[in-house]
Amino acid sequence: MADHGYRLVIGDKNYSSWSLRPWLAMKHFGVPFEEEYIVLRRGLETKQSILDHSPSGKVPALKTDGFLVWDSLAILEFLAERHREARWWPEDERARAEARGVSAEMHAGFQALRNDMPMDLVSTLPTPEITEPLQHNIARVVAIWNGARKTYGAEGPFLFGRFSIADAMYAPVATRFKTFQVDLSEFGDDGRAAEYGETILAMPEMAEWLAGAKVEMAERYPDVT
């Protein structure tokens with residue numbers, strides 16, 4: 001694989017769900033890169049640090065070959081085009097269309113889930129009040145996971161069989177369900193969604209990210225840990 005000098009600018013591993021998405025896919029598909037960290041939750045200092053690397057004022061951003069790609073899904077699409085041999089999307093046309101659809105849905109929606117259950121890997125927290133918007137969000141994720149696993153489960157352990165961008169997009173949600181101790185059976189799970197969540201959490205790349213999160217929390221937020 002050609003060395004494009006990738007540098008992935010990310011936020012704190014404990015909190016930055018958007019940073020996890022391209023990081024996880026790049027690790028899984030064996031794309032070499034260096035990490036560049038920005039400490040979050042420092043007000044104007046954090047804002048300026050991010051703007052120094054990303055015009056959107058958000059992480060992640062990918063530096064390569066003298067130019068910049070920002071936004072998680074844009075980075076993933078860019079890498080899927082550049083490294084086609086890794087098959088970042090399902091090969092089957094229908095599966096690929098569905099994978100793109102659910103990835104775009106995660107990218108654009110699920111606001112209640114983001115607000116009420118933010119990513120916090122090192123913590124175990126009580127399940128929040130299940131408001132109607134949050135109930136709808138969780139049930140929709142469960143429906144997506146159940147449906148994909150029912151249709152494509154024979155082809156592998158991930159949403160569409162092989163690991164794809166869709167799995168990278170939903171990986172942070174699996175961590176949220178664990179952190180907030182969500183019983184997916186209360187939201188229509190037939191068992192497939194919970195099993196899929198465990199599959200994501202058991203990935204060695206996820207273990208590597210979690211280990212990094214624990215180190216960062218001890219160094220940057222000792223009052224929290």
# chains A, B, ... in the order shown; residues from 1 in each chain; ligands from 1

$ residues_around --residues "stretch 77-85 of chain A" --least-positions-apart "3" --cutoff "10 Å" --atoms "only C-alpha atoms" --output "list in words"
Met1, Ala2, Pro22, Ala25, Met26, Phe29, Val31, Leu62, Val69, Trp70, Ser72, Leu73, Ala74, Trp88, Trp89, Ser164 and Ile165 of chain A

$ closest_atom_pairs --of "stretch 125-217 of chain A" --to "stretch 95-98 of chain A" --cutoff "9 Å" --atoms "only C-alpha atoms" --output "Markdown table"
| residue | atom | partner | partner_atom | distance |
| --- | --- | --- | --- | --- |
| A:Ala148 | CA | A:Glu98 | CA | 8.6 |
| A:Tyr152 | CA | A:Ala95 | CA | 8.3 |
| A:Phe160 | CA | A:Ala95 | CA | 6.7 |

$ residues_around --residues "A:Thr127" --least-positions-apart "2" --cutoff "8 Å" --atoms "only C-alpha atoms" --output "ChimeraX atom specification"
/A:125,129,180-182

$ residues_around --residues "A:Ala171" --least-positions-apart "4" --cutoff "10 Å" --atoms "only C-alpha atoms" --output "VMD selection string"
chain A and resid 17 20 to 21 24 165 to 167 175 to 176 196 to 197 199 to 201 206

$ write_last_selection --atoms "N, CA and C atoms" --output "PDB file, in the first residue's frame"
ATOM      1  N   SER A  17     -16.545  10.811  19.269  1.00  0.00           N
ATOM      2  CA  SER A  17     -17.121   9.729  18.463  1.00  0.00           C
ATOM      3  C   SER A  17     -16.835   9.918  16.979  1.00  0.00           C
ATOM      4  N   LEU A  20     -13.410   8.645  16.134  1.00  0.00           N
ATOM      5  CA  LEU A  20     -13.305   7.188  16.134  1.00  0.00           C
ATOM      6  C   LEU A  20     -13.641   6.586  14.774  1.00  0.00           C
ATOM      7  N   ARG A  21     -14.589   7.159  14.077  1.00  0.00           N
ATOM      8  CA  ARG A  21     -15.108   6.524  12.859  1.00  0.00           C
ATOM      9  C   ARG A  21     -14.031   6.311  11.784  1.00  0.00           C
ATOM     10  N   LEU A  24     -11.058   4.013  13.148  1.00  0.00           N
ATOM     11  CA  LEU A  24     -11.366   2.588  13.207  1.00  0.00           C
ATOM     12  C   LEU A  24     -11.252   1.940  11.833  1.00  0.00           C
ATOM     13  N   ILE A 165     -17.787   0.733   5.888  1.00  0.00           N
ATOM     14  CA  ILE A 165     -17.942   2.079   6.429  1.00  0.00           C
ATOM     15  C   ILE A 165     -19.155   2.159   7.345  1.00  0.00           C
ATOM     16  N   ALA A 166     -20.199   1.414   7.034  1.00  0.00           N
ATOM     17  CA  ALA A 166     -21.395   1.429   7.882  1.00  0.00           C
ATOM     18  C   ALA A 166     -21.057   1.025   9.314  1.00  0.00           C
ATOM     19  N   ASP A 167     -20.200   0.049   9.478  1.00  0.00           N
ATOM     20  CA  ASP A 167     -19.804  -0.377  10.825  1.00  0.00           C
ATOM     21  C   ASP A 167     -19.003   0.708  11.534  1.00  0.00           C
ATOM     22  N   THR A 175     -20.707   1.719  21.794  1.00  0.00           N
ATOM     23  CA  THR A 175     -20.084   2.123  23.058  1.00  0.00           C
ATOM     24  C   THR A 175     -21.068   2.883  23.931  1.00  0.00           C
ATOM     25  N   ARG A 176     -21.922   3.680  23.326  1.00  0.00           N
ATOM     26  CA  ARG A 176     -22.919   4.420  24.103  1.00  0.00           C
ATOM     27  C   ARG A 176     -23.891   3.467  24.795  1.00  0.00           C
ATOM     28  N   TYR A 196     -24.519  -7.904  17.678  1.00  0.00           N
ATOM     29  CA  TYR A 196     -23.700  -7.065  16.806  1.00  0.00           C
ATOM     30  C   TYR A 196     -22.904  -6.048  17.622  1.00  0.00           C
ATOM     31  N   GLY A 197     -23.556  -5.436  18.611  1.00  0.00           N
ATOM     32  CA  GLY A 197     -22.849  -4.485  19.457  1.00  0.00           C
ATOM     33  C   GLY A 197     -21.645  -5.114  20.132  1.00  0.00           C
ATOM     34  N   THR A 199     -19.977  -7.632  18.968  1.00  0.00           N
ATOM     35  CA  THR A 199     -18.986  -7.868  17.909  1.00  0.00           C
ATOM     36  C   THR A 199     -18.118  -6.635  17.699  1.00  0.00           C
ATOM     37  N   ILE A 200     -18.753  -5.472  17.647  1.00  0.00           N
ATOM     38  CA  ILE A 200     -18.006  -4.221  17.483  1.00  0.00           C
ATOM     39  C   ILE A 200     -17.067  -3.998  18.659  1.00  0.00           C
ATOM     40  N   LEU A 201     -17.577  -4.149  19.867  1.00  0.00           N
ATOM     41  CA  LEU A 201     -16.766  -3.880  21.051  1.00  0.00           C
ATOM     42  C   LEU A 201     -15.607  -4.858  21.197  1.00  0.00           C
ATOM     43  N   MET A 206     -10.931  -1.660  18.408  1.00  0.00           N
ATOM     44  CA  MET A 206     -11.683  -0.959  19.450  1.00  0.00           C
ATOM     45  C   MET A 206     -10.958  -1.060  20.788  1.00  0.00           C
TER      46      MET A 206
END

$ atom_distance --atom1 "atom CA of A:Arg220" --atom2 "atom CA of A:Val122"
13.3 Å

$ closest_residue --among "A:Asp190, A:Asp92, A:Asp65, A:Glu195" --to "A:Pro157" --atoms "only C-alpha atoms"
A:Glu195

$ residues_around --residues "A:Ala139" --least-positions-apart "4" --cutoff "10 Å" --atoms "only C-alpha atoms" --output "list in words"
Pro133, Leu134, Gln135, Ala143, Ile144, Trp145, Leu184, Ser185, Glu186, Phe187, Gly188 and Asp189 of chain A

$ select_by_dssp --residues "stretch 16-225 of chain A" --states "helix (DSSP H, G or I)" --output "compact mmCIF listing (two decimals) with N, CA and C atoms, in the first residue's frame"
# COMPACT_ATOMS: atom_id res chain seq x y z
N SER A 17 -16.55 10.81 19.27
CA SER A 17 -17.12 9.73 18.46
C SER A 17 -16.83 9.92 16.98
N TRP A 18 -16.84 11.16 16.52
CA TRP A 18 -16.57 11.41 15.10
C TRP A 18 -15.14 11.05 14.74
N SER A 19 -14.20 11.25 15.67
CA SER A 19 -12.81 10.88 15.41
C SER A 19 -12.65 9.37 15.31
N LEU A 20 -13.41 8.64 16.13
CA LEU A 20 -13.31 7.19 16.13
C LEU A 20 -13.64 6.59 14.77
N ARG A 21 -14.59 7.16 14.08
CA ARG A 21 -15.11 6.52 12.86
C ARG A 21 -14.03 6.31 11.78
N PRO A 22 -13.35 7.34 11.31
CA PRO A 22 -12.31 7.09 10.30
C PRO A 22 -11.10 6.36 10.88
N TRP A 23 -10.78 6.65 12.14
CA TRP A 23 -9.65 5.96 12.79
C TRP A 23 -9.87 4.46 12.76
N LEU A 24 -11.06 4.01 13.15
CA LEU A 24 -11.37 2.59 13.21
C LEU A 24 -11.25 1.94 11.83
N ALA A 25 -11.81 2.59 10.83
CA ALA A 25 -11.77 2.03 9.48
C ALA A 25 -10.34 1.98 8.95
N MET A 26 -9.57 3.03 9.18
CA MET A 26 -8.19 3.03 8.70
C MET A 26 -7.37 1.93 9.36
N LYS A 27 -7.58 1.76 10.65
CA LYS A 27 -6.89 0.67 11.35
C LYS A 27 -7.31 -0.69 10.81
N HIS A 28 -8.61 -0.88 10.65
CA HIS A 28 -9.12 -2.18 10.21
C HIS A 28 -8.63 -2.54 8.82
N LEU A 44 -11.98 28.22 24.29
CA LEU A 44 -11.43 28.91 23.13
C LEU A 44 -10.12 28.30 22.66
N GLU A 45 -9.36 27.76 23.59
CA GLU A 45 -8.09 27.12 23.21
C GLU A 45 -8.35 25.93 22.29
N THR A 46 -9.33 25.13 22.65
CA THR A 46 -9.69 23.98 21.80
C THR A 46 -10.22 24.44 20.46
N LYS A 47 -11.09 25.44 20.48
CA LYS A 47 -11.68 25.94 19.24
C LYS A 47 -10.61 26.42 18.28
N GLN A 48 -9.64 27.18 18.78
CA GLN A 48 -8.58 27.68 17.91
C GLN A 48 -7.68 26.56 17.43
N SER A 49 -7.40 25.59 18.30
CA SER A 49 -6.56 24.47 17.90
C SER A 49 -7.19 23.69 16.76
N ILE A 50 -8.50 23.49 16.84
CA ILE A 50 -9.19 22.77 15.77
C ILE A 50 -9.18 23.58 14.48
N LEU A 51 -9.44 24.87 14.59
CA LEU A 51 -9.46 25.73 13.39
C LEU A 51 -8.10 25.77 12.71
N SER A 72 -16.05 13.27 9.02
CA SER A 72 -15.83 11.82 9.11
C SER A 72 -16.25 11.07 7.86
N LEU A 73 -17.48 11.31 7.40
CA LEU A 73 -17.97 10.56 6.25
C LEU A 73 -17.22 10.94 4.98
N ALA A 74 -16.87 12.21 4.84
CA ALA A 74 -16.09 12.63 3.67
C ALA A 74 -14.72 11.96 3.67
N ILE A 75 -14.10 11.85 4.84
CA ILE A 75 -12.81 11.17 4.94
C ILE A 75 -12.94 9.71 4.54
N LEU A 76 -13.98 9.06 5.04
CA LEU A 76 -14.19 7.65 4.72
C LEU A 76 -14.45 7.43 3.24
N GLU A 77 -15.25 8.30 2.63
CA GLU A 77 -15.51 8.18 1.20
C GLU A 77 -14.23 8.41 0.39
N PHE A 78 -13.45 9.39 0.80
CA PHE A 78 -12.19 9.68 0.12
C PHE A 78 -11.26 8.48 0.17
N LEU A 79 -11.14 7.89 1.34
CA LEU A 79 -10.26 6.73 1.49
C LEU A 79 -10.79 5.52 0.74
N ALA A 80 -12.11 5.37 0.69
CA ALA A 80 -12.70 4.25 -0.05
C ALA A 80 -12.38 4.35 -1.53
N GLU A 81 -12.33 5.57 -2.06
CA GLU A 81 -11.98 5.77 -3.46
C GLU A 81 -10.49 5.54 -3.70
N ARG A 82 -9.68 6.01 -2.77
CA ARG A 82 -8.23 5.90 -2.96
C ARG A 82 -7.72 4.48 -2.73
N ARG A 84 -9.44 1.34 -3.10
CA ARG A 84 -10.56 0.51 -3.54
C ARG A 84 -10.34 -0.97 -3.28
N GLU A 85 -9.08 -1.38 -3.28
CA GLU A 85 -8.78 -2.81 -3.11
C GLU A 85 -9.26 -3.35 -1.77
N ALA A 86 -9.43 -2.45 -0.79
CA ALA A 86 -9.85 -2.89 0.54
C ALA A 86 -11.36 -3.09 0.64
N GLU A 93 -24.63 -4.60 -5.02
CA GLU A 93 -25.23 -3.29 -5.27
C GLU A 93 -26.29 -2.94 -4.23
N ARG A 94 -27.18 -3.88 -3.95
CA ARG A 94 -28.23 -3.61 -2.97
C ARG A 94 -27.64 -3.37 -1.59
N ALA A 95 -26.72 -4.23 -1.18
CA ALA A 95 -26.10 -4.07 0.14
C ALA A 95 -25.35 -2.74 0.22
N ARG A 96 -24.67 -2.38 -0.86
CA ARG A 96 -23.93 -1.12 -0.88
C ARG A 96 -24.87 0.07 -0.75
N ALA A 97 -26.01 0.01 -1.43
CA ALA A 97 -27.00 1.09 -1.33
C ALA A 97 -27.53 1.21 0.09
N GLU A 98 -27.83 0.08 0.71
CA GLU A 98 -28.32 0.10 2.08
C GLU A 98 -27.26 0.61 3.04
N ALA A 99 -26.03 0.18 2.83
CA ALA A 99 -24.94 0.63 3.70
C ALA A 99 -24.73 2.13 3.60
N ARG A 100 -24.81 2.66 2.40
CA ARG A 100 -24.70 4.11 2.22
C ARG A 100 -25.87 4.82 2.90
N GLY A 101 -27.06 4.25 2.77
CA GLY A 101 -28.24 4.87 3.36
C GLY A 101 -28.16 4.96 4.87
N VAL A 102 -27.82 3.85 5.52
CA VAL A 102 -27.77 3.88 6.98
C VAL A 102 -26.58 4.70 7.48
N SER A 103 -25.51 4.77 6.70
CA SER A 103 -24.36 5.60 7.08
C SER A 103 -24.73 7.08 7.01
N ALA A 104 -25.42 7.46 5.95
CA ALA A 104 -25.87 8.85 5.82
C ALA A 104 -26.87 9.20 6.91
N GLU A 105 -27.72 8.24 7.25
CA GLU A 105 -28.71 8.46 8.31
C GLU A 105 -28.02 8.73 9.65
N MET A 106 -26.99 7.96 9.95
CA MET A 106 -26.25 8.20 11.18
C MET A 106 -25.52 9.54 11.14
N HIS A 107 -24.99 9.88 10.00
CA HIS A 107 -24.25 11.13 9.84
C HIS A 107 -25.15 12.34 10.07
N ALA A 108 -26.40 12.24 9.64
CA ALA A 108 -27.28 13.40 9.65
C ALA A 108 -28.25 13.45 10.82
N GLN A 111 -30.09 12.94 16.82
CA GLN A 111 -29.64 14.03 17.68
C GLN A 111 -29.91 13.75 19.15
N ALA A 112 -31.06 13.16 19.46
CA ALA A 112 -31.36 12.86 20.86
C ALA A 112 -30.36 11.87 21.44
N LEU A 113 -29.99 10.89 20.66
CA LEU A 113 -29.00 9.90 21.10
C LEU A 113 -27.66 10.58 21.37
N ARG A 114 -27.27 11.49 20.51
CA ARG A 114 -26.00 12.20 20.70
C ARG A 114 -26.04 13.08 21.96
N ASN A 115 -27.15 13.79 22.14
CA ASN A 115 -27.25 14.72 23.25
C ASN A 115 -27.41 14.03 24.60
N ASP A 116 -28.25 13.01 24.64
CA ASP A 116 -28.60 12.37 25.91
C ASP A 116 -27.65 11.25 26.31
N GLU A 132 -39.30 10.62 24.32
CA GLU A 132 -39.83 10.11 23.05
C GLU A 132 -38.79 10.19 21.93
N PRO A 133 -38.08 11.33 21.77
CA PRO A 133 -37.05 11.37 20.71
C PRO A 133 -35.94 10.34 20.93
N LEU A 134 -35.52 10.14 22.18
CA LEU A 134 -34.47 9.17 22.45
C LEU A 134 -34.97 7.75 22.18
N GLN A 135 -36.20 7.47 22.58
CA GLN A 135 -36.78 6.16 22.32
C GLN A 135 -36.82 5.87 20.82
N HIS A 136 -37.21 6.87 20.07
CA HIS A 136 -37.28 6.71 18.61
C HIS A 136 -35.89 6.45 18.04
N ASN A 137 -34.90 7.19 18.52
CA ASN A 137 -33.53 7.01 18.02
C ASN A 137 -32.99 5.62 18.31
N ILE A 138 -33.15 5.17 19.56
CA ILE A 138 -32.62 3.85 19.92
C ILE A 138 -33.33 2.76 19.14
N ALA A 139 -34.66 2.87 19.05
CA ALA A 139 -35.43 1.86 18.32
C ALA A 139 -35.02 1.81 16.86
N ARG A 140 -34.72 2.96 16.29
CA ARG A 140 -34.31 3.00 14.89
C ARG A 140 -32.95 2.32 14.71
N VAL A 141 -32.01 2.57 15.60
CA VAL A 141 -30.72 1.89 15.52
C VAL A 141 -30.91 0.38 15.63
N VAL A 142 -31.72 -0.04 16.58
CA VAL A 142 -31.98 -1.48 16.75
C VAL A 142 -32.58 -2.07 15.48
N ALA A 143 -33.52 -1.35 14.87
CA ALA A 143 -34.14 -1.84 13.63
C ALA A 143 -33.11 -1.96 12.51
N ILE A 144 -32.22 -0.99 12.41
CA ILE A 144 -31.17 -1.04 11.38
C ILE A 144 -30.26 -2.24 11.62
N TRP A 145 -29.82 -2.41 12.85
CA TRP A 145 -28.91 -3.51 13.16
C TRP A 145 -29.60 -4.86 12.96
N ASN A 146 -30.81 -5.00 13.49
CA ASN A 146 -31.53 -6.27 13.33
C ASN A 146 -31.74 -6.60 11.85
N GLY A 147 -32.19 -5.59 11.10
CA GLY A 147 -32.50 -5.82 9.69
C GLY A 147 -31.29 -6.21 8.87
N ALA A 148 -30.19 -5.50 9.09
CA ALA A 148 -28.97 -5.80 8.33
C ALA A 148 -28.42 -7.18 8.70
N ARG A 149 -28.43 -7.49 9.97
CA ARG A 149 -27.89 -8.79 10.40
C ARG A 149 -28.78 -9.93 9.92
N LYS A 150 -30.09 -9.71 9.90
CA LYS A 150 -31.00 -10.75 9.41
C LYS A 150 -30.77 -11.02 7.93
N THR A 151 -30.55 -9.96 7.17
CA THR A 151 -30.38 -10.10 5.72
C THR A 151 -28.99 -10.58 5.33
N TYR A 152 -27.97 -10.06 6.01
CA TYR A 152 -26.59 -10.31 5.56
C TYR A 152 -25.76 -11.11 6.56
N GLY A 153 -26.38 -11.58 7.62
CA GLY A 153 -25.64 -12.25 8.69
C GLY A 153 -24.87 -13.48 8.26
N ALA A 154 -25.34 -14.15 7.23
CA ALA A 154 -24.65 -15.36 6.78
C ALA A 154 -23.31 -15.05 6.12
N GLU A 155 -23.09 -13.78 5.77
CA GLU A 155 -21.89 -13.39 5.04
C GLU A 155 -20.76 -12.91 5.95
N ILE A 165 -17.79 0.73 5.89
CA ILE A 165 -17.94 2.08 6.43
C ILE A 165 -19.15 2.16 7.35
N ALA A 166 -20.20 1.41 7.03
CA ALA A 166 -21.39 1.43 7.88
C ALA A 166 -21.06 1.02 9.31
N ASP A 167 -20.20 0.05 9.48
CA ASP A 167 -19.80 -0.38 10.82
C ASP A 167 -19.00 0.71 11.53
N ALA A 168 -18.14 1.39 10.80
CA ALA A 168 -17.39 2.49 11.39
C ALA A 168 -18.33 3.60 11.86
N MET A 169 -19.38 3.85 11.10
CA MET A 169 -20.33 4.90 11.46
C MET A 169 -21.12 4.55 12.72
N TYR A 170 -21.42 3.28 12.93
CA TYR A 170 -22.24 2.88 14.07
C TYR A 170 -21.43 2.41 15.27
N ALA A 171 -20.13 2.26 15.14
CA ALA A 171 -19.31 1.77 16.25
C ALA A 171 -19.46 2.62 17.51
N PRO A 172 -19.45 3.97 17.42
CA PRO A 172 -19.60 4.74 18.65
C PRO A 172 -20.94 4.51 19.35
N VAL A 173 -21.96 4.13 18.59
CA VAL A 173 -23.26 3.88 19.20
C VAL A 173 -23.20 2.63 20.07
N ALA A 174 -22.45 1.63 19.63
CA ALA A 174 -22.28 0.43 20.45
C ALA A 174 -21.65 0.78 21.79
N THR A 175 -20.71 1.72 21.79
CA THR A 175 -20.08 2.12 23.06
C THR A 175 -21.07 2.88 23.93
N ARG A 176 -21.92 3.68 23.33
CA ARG A 176 -22.92 4.42 24.10
C ARG A 176 -23.89 3.47 24.80
N PHE A 177 -24.35 2.46 24.07
CA PHE A 177 -25.27 1.50 24.67
C PHE A 177 -24.62 0.79 25.86
N LYS A 178 -23.31 0.52 25.76
CA LYS A 178 -22.62 -0.11 26.88
C LYS A 178 -22.46 0.86 28.04
N THR A 179 -22.00 2.07 27.76
CA THR A 179 -21.79 3.06 28.82
C THR A 179 -23.05 3.32 29.61
N LEU A 184 -31.32 -3.42 24.97
CA LEU A 184 -31.88 -3.28 23.63
C LEU A 184 -33.15 -4.09 23.42
N SER A 185 -33.38 -5.10 24.25
CA SER A 185 -34.61 -5.88 24.11
C SER A 185 -35.84 -5.03 24.39
N GLU A 186 -35.67 -3.94 25.12
CA GLU A 186 -36.78 -3.04 25.41
C GLU A 186 -37.11 -2.14 24.22
N PHE A 187 -36.29 -2.23 23.18
CA PHE A 187 -36.47 -1.37 22.01
C PHE A 187 -36.65 -2.20 20.73
N ARG A 192 -30.24 -9.91 17.69
CA ARG A 192 -29.19 -9.66 16.70
C ARG A 192 -28.45 -8.35 16.98
N ALA A 193 -29.18 -7.33 17.40
CA ALA A 193 -28.55 -6.03 17.64
C ALA A 193 -27.56 -6.10 18.79
N ALA A 194 -27.97 -6.73 19.89
CA ALA A 194 -27.06 -6.86 21.03
C ALA A 194 -25.82 -7.66 20.65
N GLU A 195 -26.01 -8.71 19.89
CA GLU A 195 -24.88 -9.53 19.44
C GLU A 195 -23.94 -8.71 18.55
N TYR A 196 -24.52 -7.90 17.68
CA TYR A 196 -23.70 -7.07 16.81
C TYR A 196 -22.90 -6.05 17.62
N GLY A 197 -23.56 -5.44 18.61
CA GLY A 197 -22.85 -4.48 19.46
C GLY A 197 -21.64 -5.11 20.13
N GLU A 198 -21.80 -6.35 20.59
CA GLU A 198 -20.68 -7.05 21.21
C GLU A 198 -19.58 -7.34 20.20
N THR A 199 -19.98 -7.63 18.97
CA THR A 199 -18.99 -7.87 17.91
C THR A 199 -18.12 -6.64 17.70
N ILE A 200 -18.75 -5.47 17.65
CA ILE A 200 -18.01 -4.22 17.48
C ILE A 200 -17.07 -4.00 18.66
N LEU A 201 -17.58 -4.15 19.87
CA LEU A 201 -16.77 -3.88 21.05
C LEU A 201 -15.61 -4.86 21.20
N PRO A 204 -10.28 -5.90 17.92
CA PRO A 204 -8.99 -5.49 18.49
C PRO A 204 -8.71 -4.00 18.29
N GLU A 205 -9.20 -3.45 17.19
CA GLU A 205 -9.01 -2.01 16.96
C GLU A 205 -9.76 -1.19 18.01
N MET A 206 -10.93 -1.66 18.41
CA MET A 206 -11.68 -0.96 19.45
C MET A 206 -10.96 -1.06 20.79
N ALA A 207 -10.36 -2.21 21.05
CA ALA A 207 -9.58 -2.37 22.28
C ALA A 207 -8.40 -1.40 22.30
N GLU A 208 -7.78 -1.22 21.15
CA GLU A 208 -6.65 -0.28 21.05
C GLU A 208 -7.12 1.15 21.31
N TRP A 209 -8.25 1.53 20.73
CA TRP A 209 -8.80 2.87 20.95
C TRP A 209 -9.14 3.08 22.42
N LEU A 210 -9.78 2.09 23.04
CA LEU A 210 -10.15 2.19 24.45
C LEU A 210 -8.92 2.33 25.33
N ALA A 211 -7.89 1.57 25.04
CA ALA A 211 -6.66 1.67 25.82
C ALA A 211 -6.08 3.08 25.73
N GLY A 212 -6.12 3.65 24.53
CA GLY A 212 -5.66 5.02 24.35
C GLY A 212 -6.52 6.00 25.12
N ALA A 213 -7.82 5.76 25.15
CA ALA A 213 -8.73 6.64 25.89
C ALA A 213 -8.40 6.63 27.38
N LYS A 214 -8.11 5.47 27.91
CA LYS A 214 -7.80 5.37 29.34
C LYS A 214 -6.52 6.12 29.68
N VAL A 215 -5.52 6.00 28.81
CA VAL A 215 -4.26 6.71 29.04
C VAL A 215 -4.49 8.22 28.98
N GLU A 216 -5.22 8.66 27.96
CA GLU A 216 -5.49 10.09 27.81
C GLU A 216 -6.26 10.65 29.00
N MET A 217 -7.25 9.91 29.46
CA MET A 217 -8.05 10.40 30.58
C MET A 217 -7.19 10.55 31.83
N ALA A 218 -6.30 9.60 32.06
CA ALA A 218 -5.43 9.67 33.23
C ALA A 218 -4.49 10.86 33.15
N GLU A 219 -4.04 11.18 31.93
CA GLU A 219 -3.09 12.27 31.75
C GLU A 219 -3.77 13.64 31.68
N ARG A 220 -4.91 13.70 30.99
CA ARG A 220 -5.53 15.00 30.69
C ARG A 220 -6.65 15.37 31.66

$ select_by_dssp --residues "stretch 57-140 of chain A" --states "strand (DSSP E)" --output "list in words"
Ala61, Leu62, Lys63, Thr64, Phe67, Leu68, Val69 and Trp70 of chain A

$ write_last_selection --atoms "N, CA and C atoms" --output "short mmCIF file (atom, residue, chain, number, x, y, z; two decimals), in the first residue's frame"
data_model
loop_
_atom_site.label_atom_id
_atom_site.label_comp_id
_atom_site.auth_asym_id
_atom_site.auth_seq_id
_atom_site.Cartn_x
_atom_site.Cartn_y
_atom_site.Cartn_z
N ALA A 61 -9.99 15.55 10.93
CA ALA A 61 -9.55 16.03 9.63
C ALA A 61 -8.38 15.15 9.20
N LEU A 62 -8.26 14.95 7.90
CA LEU A 62 -7.20 14.09 7.36
C LEU A 62 -6.29 14.91 6.47
N LYS A 63 -5.00 14.92 6.82
CA LYS A 63 -4.00 15.61 6.01
C LYS A 63 -3.31 14.58 5.12
N THR A 64 -3.19 14.91 3.83
CA THR A 64 -2.54 13.98 2.91
C THR A 64 -2.08 14.70 1.65
N PHE A 67 -2.93 18.40 0.93
CA PHE A 67 -4.27 18.96 1.06
C PHE A 67 -5.00 18.31 2.23
N LEU A 68 -6.22 18.78 2.47
CA LEU A 68 -6.96 18.42 3.67
C LEU A 68 -8.33 17.88 3.31
N VAL A 69 -8.75 16.83 4.02
CA VAL A 69 -10.12 16.32 3.92
C VAL A 69 -10.72 16.38 5.32
N TRP A 70 -11.89 16.98 5.45
CA TRP A 70 -12.51 17.06 6.77
C TRP A 70 -13.91 16.47 6.73
#

$ atom_distance --atom1 "atom CA of A:His4" --atom2 "atom CA of A:Glu34"
10.8 Å
